[in-house]
$ cat coords.txt   # compact mmCIF, N, CA and C atoms
# COMPACT_ATOMS: atom_id res chain seq x y z
N MET E 1 -25.36 4.01 14.89
CA MET E 1 -24.01 3.69 15.26
C MET E 1 -23.12 3.60 14.03
N LYS E 2 -21.95 4.12 14.16
CA LYS E 2 -21.00 4.08 13.05
C LYS E 2 -20.37 2.70 12.94
N SER E 3 -20.17 2.27 11.72
CA SER E 3 -19.45 1.00 11.53
C SER E 3 -17.96 1.28 11.68
N PRO E 4 -17.23 0.30 12.19
CA PRO E 4 -15.79 0.51 12.36
C PRO E 4 -15.11 0.75 11.02
N VAL E 5 -14.14 1.62 11.03
CA VAL E 5 -13.39 1.94 9.82
C VAL E 5 -12.54 0.73 9.44
N GLN E 6 -12.68 0.29 8.20
CA GLN E 6 -11.89 -0.85 7.75
C GLN E 6 -10.55 -0.36 7.21
N ARG E 7 -9.50 -0.93 7.74
CA ARG E 7 -8.16 -0.58 7.29
C ARG E 7 -7.90 -1.22 5.94
N SER E 8 -7.04 -0.59 5.20
CA SER E 8 -6.62 -1.14 3.91
C SER E 8 -5.67 -2.31 4.14
N VAL E 9 -5.73 -3.27 3.26
CA VAL E 9 -4.83 -4.42 3.36
C VAL E 9 -3.38 -3.97 3.19
N LEU E 10 -3.16 -2.86 2.50
CA LEU E 10 -1.80 -2.36 2.28
C LEU E 10 -1.16 -1.83 3.56
N GLU E 11 -1.93 -1.62 4.60
CA GLU E 11 -1.40 -1.15 5.87
C GLU E 11 -0.91 -2.30 6.76
N SER E 12 -1.15 -3.50 6.33
CA SER E 12 -0.80 -4.66 7.14
C SER E 12 0.65 -5.10 6.91
N PRO E 13 1.41 -5.32 7.99
CA PRO E 13 2.76 -5.87 7.80
C PRO E 13 2.72 -7.30 7.25
N TRP E 14 1.63 -8.02 7.51
CA TRP E 14 1.50 -9.38 6.97
C TRP E 14 1.42 -9.35 5.45
N TYR E 15 0.71 -8.35 4.92
CA TYR E 15 0.61 -8.23 3.47
C TYR E 15 1.99 -8.00 2.86
N TRP E 16 2.78 -7.12 3.47
CA TRP E 16 4.10 -6.83 2.93
C TRP E 16 5.04 -8.02 3.11
N GLY E 17 4.89 -8.77 4.18
CA GLY E 17 5.66 -10.00 4.32
C GLY E 17 5.32 -10.98 3.22
N TYR E 18 4.03 -11.07 2.90
CA TYR E 18 3.54 -11.93 1.82
C TYR E 18 4.15 -11.50 0.48
N VAL E 19 4.13 -10.21 0.21
CA VAL E 19 4.66 -9.69 -1.05
C VAL E 19 6.17 -9.92 -1.15
N PHE E 20 6.90 -9.63 -0.08
CA PHE E 20 8.35 -9.80 -0.13
C PHE E 20 8.75 -11.27 -0.22
N CYS E 21 8.03 -12.15 0.46
CA CYS E 21 8.34 -13.59 0.34
C CYS E 21 8.03 -14.07 -1.08
N ALA E 22 6.94 -13.59 -1.66
CA ALA E 22 6.60 -13.97 -3.03
C ALA E 22 7.68 -13.49 -3.99
N ALA E 23 8.14 -12.24 -3.81
CA ALA E 23 9.20 -11.71 -4.67
C ALA E 23 10.50 -12.50 -4.47
N GLY E 24 10.79 -12.86 -3.23
CA GLY E 24 11.98 -13.65 -2.95
C GLY E 24 11.92 -15.02 -3.62
N LEU E 25 10.75 -15.65 -3.58
CA LEU E 25 10.60 -16.96 -4.23
C LEU E 25 10.77 -16.85 -5.74
N VAL E 26 10.17 -15.82 -6.33
CA VAL E 26 10.31 -15.64 -7.78
C VAL E 26 11.78 -15.38 -8.13
N GLY E 27 12.42 -14.52 -7.36
CA GLY E 27 13.84 -14.24 -7.61
C GLY E 27 14.70 -15.47 -7.45
N LEU E 28 14.41 -16.27 -6.43
CA LEU E 28 15.18 -17.49 -6.20
C LEU E 28 14.96 -18.51 -7.31
N LEU E 29 13.74 -18.58 -7.81
CA LEU E 29 13.47 -19.49 -8.93
C LEU E 29 14.18 -19.04 -10.20
N LEU E 30 14.28 -17.72 -10.40
CA LEU E 30 14.93 -17.22 -11.61
C LEU E 30 16.46 -17.30 -11.52
N VAL E 31 17.02 -16.98 -10.37
CA VAL E 31 18.47 -16.89 -10.21
C VAL E 31 19.06 -18.18 -9.64
N GLY E 32 18.23 -19.02 -9.04
CA GLY E 32 18.70 -20.24 -8.39
C GLY E 32 19.61 -21.11 -9.22
N PRO E 33 19.28 -21.41 -10.47
CA PRO E 33 20.16 -22.26 -11.27
C PRO E 33 21.56 -21.67 -11.45
N LYS E 34 21.65 -20.36 -11.62
CA LYS E 34 22.98 -19.72 -11.75
C LYS E 34 23.74 -19.80 -10.44
N VAL E 35 23.04 -19.64 -9.33
CA VAL E 35 23.69 -19.72 -8.02
C VAL E 35 24.21 -21.13 -7.79
N ILE E 36 23.41 -22.13 -8.14
CA ILE E 36 23.83 -23.53 -7.96
C ILE E 36 25.05 -23.83 -8.82
N ASP E 37 25.05 -23.35 -10.06
CA ASP E 37 26.22 -23.58 -10.94
C ASP E 37 27.47 -22.95 -10.34
N ARG E 38 27.34 -21.75 -9.82
CA ARG E 38 28.49 -21.08 -9.19
C ARG E 38 28.94 -21.81 -7.94
N GLN E 39 27.98 -22.31 -7.16
CA GLN E 39 28.31 -23.05 -5.94
C GLN E 39 29.08 -24.33 -6.28
N VAL E 40 28.65 -25.03 -7.31
CA VAL E 40 29.35 -26.25 -7.73
C VAL E 40 30.77 -25.91 -8.16
N GLN E 41 30.92 -24.82 -8.90
CA GLN E 41 32.26 -24.40 -9.35
C GLN E 41 33.16 -24.09 -8.15
N GLN E 42 32.66 -23.38 -7.17
CA GLN E 42 33.47 -23.04 -6.00
C GLN E 42 33.81 -24.28 -5.18
N GLU E 43 32.84 -25.17 -5.00
CA GLU E 43 33.09 -26.39 -4.23
C GLU E 43 34.11 -27.28 -4.92
N ARG E 44 34.00 -27.41 -6.24
CA ARG E 44 34.94 -28.26 -6.97
C ARG E 44 36.36 -27.67 -6.91
N SER E 45 36.46 -26.36 -6.93
CA SER E 45 37.77 -25.72 -6.79
C SER E 45 38.37 -26.04 -5.42
N PHE E 46 37.58 -25.92 -4.39
CA PHE E 46 38.04 -26.23 -3.04
C PHE E 46 38.41 -27.71 -2.92
N GLN E 47 37.57 -28.58 -3.46
CA GLN E 47 37.83 -30.01 -3.38
C GLN E 47 39.06 -30.39 -4.20
N GLY E 48 39.31 -29.69 -5.30
CA GLY E 48 40.52 -29.94 -6.08
C GLY E 48 41.77 -29.62 -5.28
N ARG E 49 41.72 -28.50 -4.53
CA ARG E 49 42.86 -28.16 -3.68
C ARG E 49 43.03 -29.19 -2.57
N GLN E 50 41.92 -29.67 -2.01
CA GLN E 50 42.00 -30.72 -0.99
C GLN E 50 42.64 -31.98 -1.56
N ARG E 51 42.22 -32.37 -2.74
CA ARG E 51 42.76 -33.59 -3.36
C ARG E 51 44.24 -33.43 -3.68
N ALA E 52 44.64 -32.24 -4.10
CA ALA E 52 46.06 -32.01 -4.38
C ALA E 52 46.89 -32.17 -3.11
N GLU E 53 46.39 -31.67 -2.00
CA GLU E 53 47.10 -31.82 -0.73
C GLU E 53 47.13 -33.29 -0.29
N GLU E 54 46.03 -34.01 -0.52
CA GLU E 54 46.00 -35.43 -0.17
C GLU E 54 47.00 -36.20 -1.04
N HIS E 55 47.05 -35.84 -2.32
CA HIS E 55 47.99 -36.51 -3.24
C HIS E 55 49.44 -36.25 -2.82
N LYS E 56 49.72 -35.00 -2.42
CA LYS E 56 51.07 -34.64 -1.95
C LYS E 56 51.46 -35.44 -0.72
N ALA E 57 50.46 -35.66 0.16
CA ALA E 57 50.73 -36.39 1.40
C ALA E 57 50.74 -37.90 1.18
N GLY E 58 50.37 -38.35 -0.01
CA GLY E 58 50.36 -39.77 -0.30
C GLY E 58 49.13 -40.49 0.23
N VAL E 59 48.11 -39.74 0.56
CA VAL E 59 46.85 -40.31 1.08
C VAL E 59 45.89 -40.49 -0.10
N PRO E 60 45.16 -41.60 -0.16
CA PRO E 60 44.18 -41.75 -1.24
C PRO E 60 43.06 -40.72 -1.10
N ALA E 61 42.53 -40.30 -2.23
CA ALA E 61 41.49 -39.26 -2.24
C ALA E 61 40.24 -39.76 -1.54
N ALA E 62 39.83 -39.05 -0.51
CA ALA E 62 38.63 -39.42 0.24
C ALA E 62 37.46 -38.49 -0.07
N VAL E 63 37.74 -37.43 -0.77
CA VAL E 63 36.72 -36.42 -1.05
C VAL E 63 36.06 -36.73 -2.39
N THR E 64 34.74 -36.79 -2.40
CA THR E 64 34.03 -36.94 -3.67
C THR E 64 33.72 -35.54 -4.19
N MET E 65 33.85 -35.38 -5.48
CA MET E 65 33.65 -34.08 -6.10
C MET E 65 32.17 -33.74 -6.16
N SER E 66 31.86 -32.47 -5.97
CA SER E 66 30.48 -32.01 -6.00
C SER E 66 29.94 -32.03 -7.42
N THR E 67 28.65 -32.27 -7.52
CA THR E 67 27.93 -32.19 -8.79
C THR E 67 26.75 -31.24 -8.61
N ARG E 68 26.07 -30.97 -9.68
CA ARG E 68 24.92 -30.07 -9.61
C ARG E 68 23.84 -30.60 -8.67
N ASP E 69 23.71 -31.91 -8.59
CA ASP E 69 22.70 -32.52 -7.73
C ASP E 69 23.18 -32.78 -6.31
N ALA E 70 24.48 -32.74 -6.09
CA ALA E 70 25.02 -33.05 -4.76
C ALA E 70 26.10 -32.02 -4.40
N THR E 71 25.66 -30.98 -3.71
CA THR E 71 26.60 -29.95 -3.24
C THR E 71 26.62 -29.95 -1.72
N LEU E 72 27.66 -29.36 -1.17
CA LEU E 72 27.75 -29.26 0.29
C LEU E 72 26.71 -28.28 0.84
N LEU E 73 26.49 -27.20 0.13
CA LEU E 73 25.48 -26.21 0.51
C LEU E 73 24.41 -26.17 -0.56
N SER E 74 23.15 -26.02 -0.13
CA SER E 74 22.07 -25.96 -1.11
C SER E 74 21.16 -24.78 -0.80
N LEU E 75 20.25 -24.52 -1.72
CA LEU E 75 19.29 -23.43 -1.55
C LEU E 75 18.00 -23.91 -0.88
N ARG E 76 17.93 -25.20 -0.56
CA ARG E 76 16.71 -25.75 0.02
C ARG E 76 16.28 -25.04 1.31
N PRO E 77 17.18 -24.75 2.27
CA PRO E 77 16.73 -24.04 3.48
C PRO E 77 16.15 -22.67 3.17
N LEU E 78 16.71 -21.96 2.20
CA LEU E 78 16.18 -20.65 1.83
C LEU E 78 14.80 -20.79 1.19
N PHE E 79 14.63 -21.80 0.32
CA PHE E 79 13.31 -22.07 -0.25
C PHE E 79 12.30 -22.36 0.84
N LEU E 80 12.67 -23.23 1.77
CA LEU E 80 11.74 -23.59 2.85
C LEU E 80 11.38 -22.39 3.72
N LEU E 81 12.35 -21.55 4.02
CA LEU E 81 12.09 -20.36 4.81
C LEU E 81 11.14 -19.41 4.08
N LEU E 82 11.38 -19.18 2.81
CA LEU E 82 10.52 -18.28 2.04
C LEU E 82 9.12 -18.85 1.85
N ILE E 83 9.02 -20.15 1.61
CA ILE E 83 7.70 -20.76 1.44
C ILE E 83 6.92 -20.71 2.75
N THR E 84 7.59 -20.98 3.86
CA THR E 84 6.92 -20.91 5.16
C THR E 84 6.45 -19.48 5.45
N GLY E 85 7.31 -18.50 5.21
CA GLY E 85 6.92 -17.10 5.39
C GLY E 85 5.78 -16.71 4.48
N PHE E 86 5.83 -17.15 3.23
CA PHE E 86 4.79 -16.85 2.25
C PHE E 86 3.44 -17.39 2.70
N LEU E 87 3.42 -18.67 3.09
CA LEU E 87 2.16 -19.29 3.50
C LEU E 87 1.63 -18.72 4.81
N THR E 88 2.52 -18.44 5.75
CA THR E 88 2.09 -17.87 7.03
C THR E 88 1.52 -16.47 6.82
N ALA E 89 2.23 -15.64 6.05
CA ALA E 89 1.76 -14.28 5.81
C ALA E 89 0.44 -14.29 5.04
N TRP E 90 0.32 -15.17 4.06
CA TRP E 90 -0.94 -15.25 3.31
C TRP E 90 -2.09 -15.64 4.23
N ALA E 91 -1.85 -16.63 5.10
CA ALA E 91 -2.91 -17.07 6.03
C ALA E 91 -3.31 -15.93 6.97
N MET E 92 -2.34 -15.16 7.45
CA MET E 92 -2.65 -14.07 8.36
C MET E 92 -3.40 -12.94 7.63
N VAL E 93 -3.02 -12.64 6.41
CA VAL E 93 -3.75 -11.63 5.63
C VAL E 93 -5.18 -12.10 5.42
N TRP E 94 -5.35 -13.34 5.03
CA TRP E 94 -6.69 -13.86 4.82
C TRP E 94 -7.49 -13.80 6.12
N TRP E 95 -6.89 -14.21 7.21
CA TRP E 95 -7.58 -14.25 8.50
C TRP E 95 -8.01 -12.85 8.94
N HIS E 96 -7.13 -11.88 8.82
CA HIS E 96 -7.42 -10.54 9.33
C HIS E 96 -8.26 -9.68 8.40
N PHE E 97 -8.24 -9.94 7.11
CA PHE E 97 -8.92 -9.03 6.19
C PHE E 97 -10.08 -9.68 5.44
N TRP E 98 -9.85 -10.77 4.75
CA TRP E 98 -10.89 -11.29 3.89
C TRP E 98 -11.87 -12.19 4.61
N ARG E 99 -11.49 -12.83 5.67
CA ARG E 99 -12.40 -13.70 6.41
C ARG E 99 -13.51 -12.85 7.03
N ARG E 100 -13.12 -11.73 7.63
CA ARG E 100 -14.12 -10.86 8.28
C ARG E 100 -15.08 -10.28 7.27
N ARG E 101 -14.60 -9.89 6.11
CA ARG E 101 -15.48 -9.30 5.10
C ARG E 101 -16.47 -10.31 4.56
N ARG E 102 -16.02 -11.55 4.44
CA ARG E 102 -16.91 -12.60 3.94
C ARG E 102 -18.00 -12.91 4.96
N ALA E 103 -17.65 -12.86 6.25
CA ALA E 103 -18.61 -13.15 7.32
C ALA E 103 -19.65 -12.05 7.46
N SER E 104 -19.30 -10.82 7.06
CA SER E 104 -20.23 -9.68 7.20
C SER E 104 -21.33 -9.70 6.19

$ encode --input "coords.txt" --output "structure tokens"
Amino acid sequence: MKSPVQRSVLESPWYWGYVFCAAGLVGLLLVGPKVIDRQVQQERSFQGRQRAEEHKAGVPAAVTMSTRDATLLSLRPLFLLLITGFLTAWAMVWWHFWRRRRAS
């Protein structure tokens, strides 16, 4: 009897999901600080315009200015999404390819 033909791991969409999530995480780690700095700059510009309008209206400033550690938008959801995809894809690649080979 012939043994079943084993597919290459490169043919698996899980493998490519794993690779793309890993590349996304590396890219986010490398570019993330620059993105956060730009986000803080944009938020502070918006908040400055808000404060100017509040000052014109005679209302005390209620808006606190953004800092690097406290922004309105963060990269945390993107990190969590990529980490979840990375771990899920890795588990599926392991389950479908390497677990069977080890058992044989």

$ residues_around --input "coords.txt" --residues "stretch 62-76 of chain E" --least-positions-apart "6" --cutoff "6 Å" --atoms "only N, CA and C atoms" --output "ChimeraX atom specification"
/E:40,43-44

$ residues_around --input "coords.txt" --residues "stretch 16-21 of chain E" --least-positions-apart "5" --cutoff "7 Å" --atoms "only C-alpha atoms" --output "number ranges by chain"
E: 82, 85-86, 89-90

$ residues_around --input "coords.txt" --residues "stretch 8-11 of chain E" --least-positions-apart "4" --cutoff "8 Å" --atoms "only N, CA and C atoms" --output "list in words"
Tyr15, Trp16, Val93 and Phe97 of chain E

$ select_by_dssp --input "coords.txt" --residues "chain E" --states "alpha helix (DSSP H)" --output "number ranges by chain"
E: 13-57, 76-93, 99-103

$ atom_distance --input "coords.txt" --atom1 "atom C of E:Leu28" --atom2 "atom N of E:Leu78"
10.3 Å

$ atom_distance --input "coords.txt" --atom1 "atom N of E:Phe79" --atom2 "atom C of E:Gly24"
8.3 Å

$ atom_distance --input "coords.txt" --atom1 "atom N of E:His96" --atom2 "atom C of E:Ser12"
10.5 Å

$ closest_residue --input "coords.txt" --among "E:Gln47, E:Glu54, E:Ile83, E:Pro13" --to "E:Leu25" --atoms "all atoms listed in the file"
E:Ile83
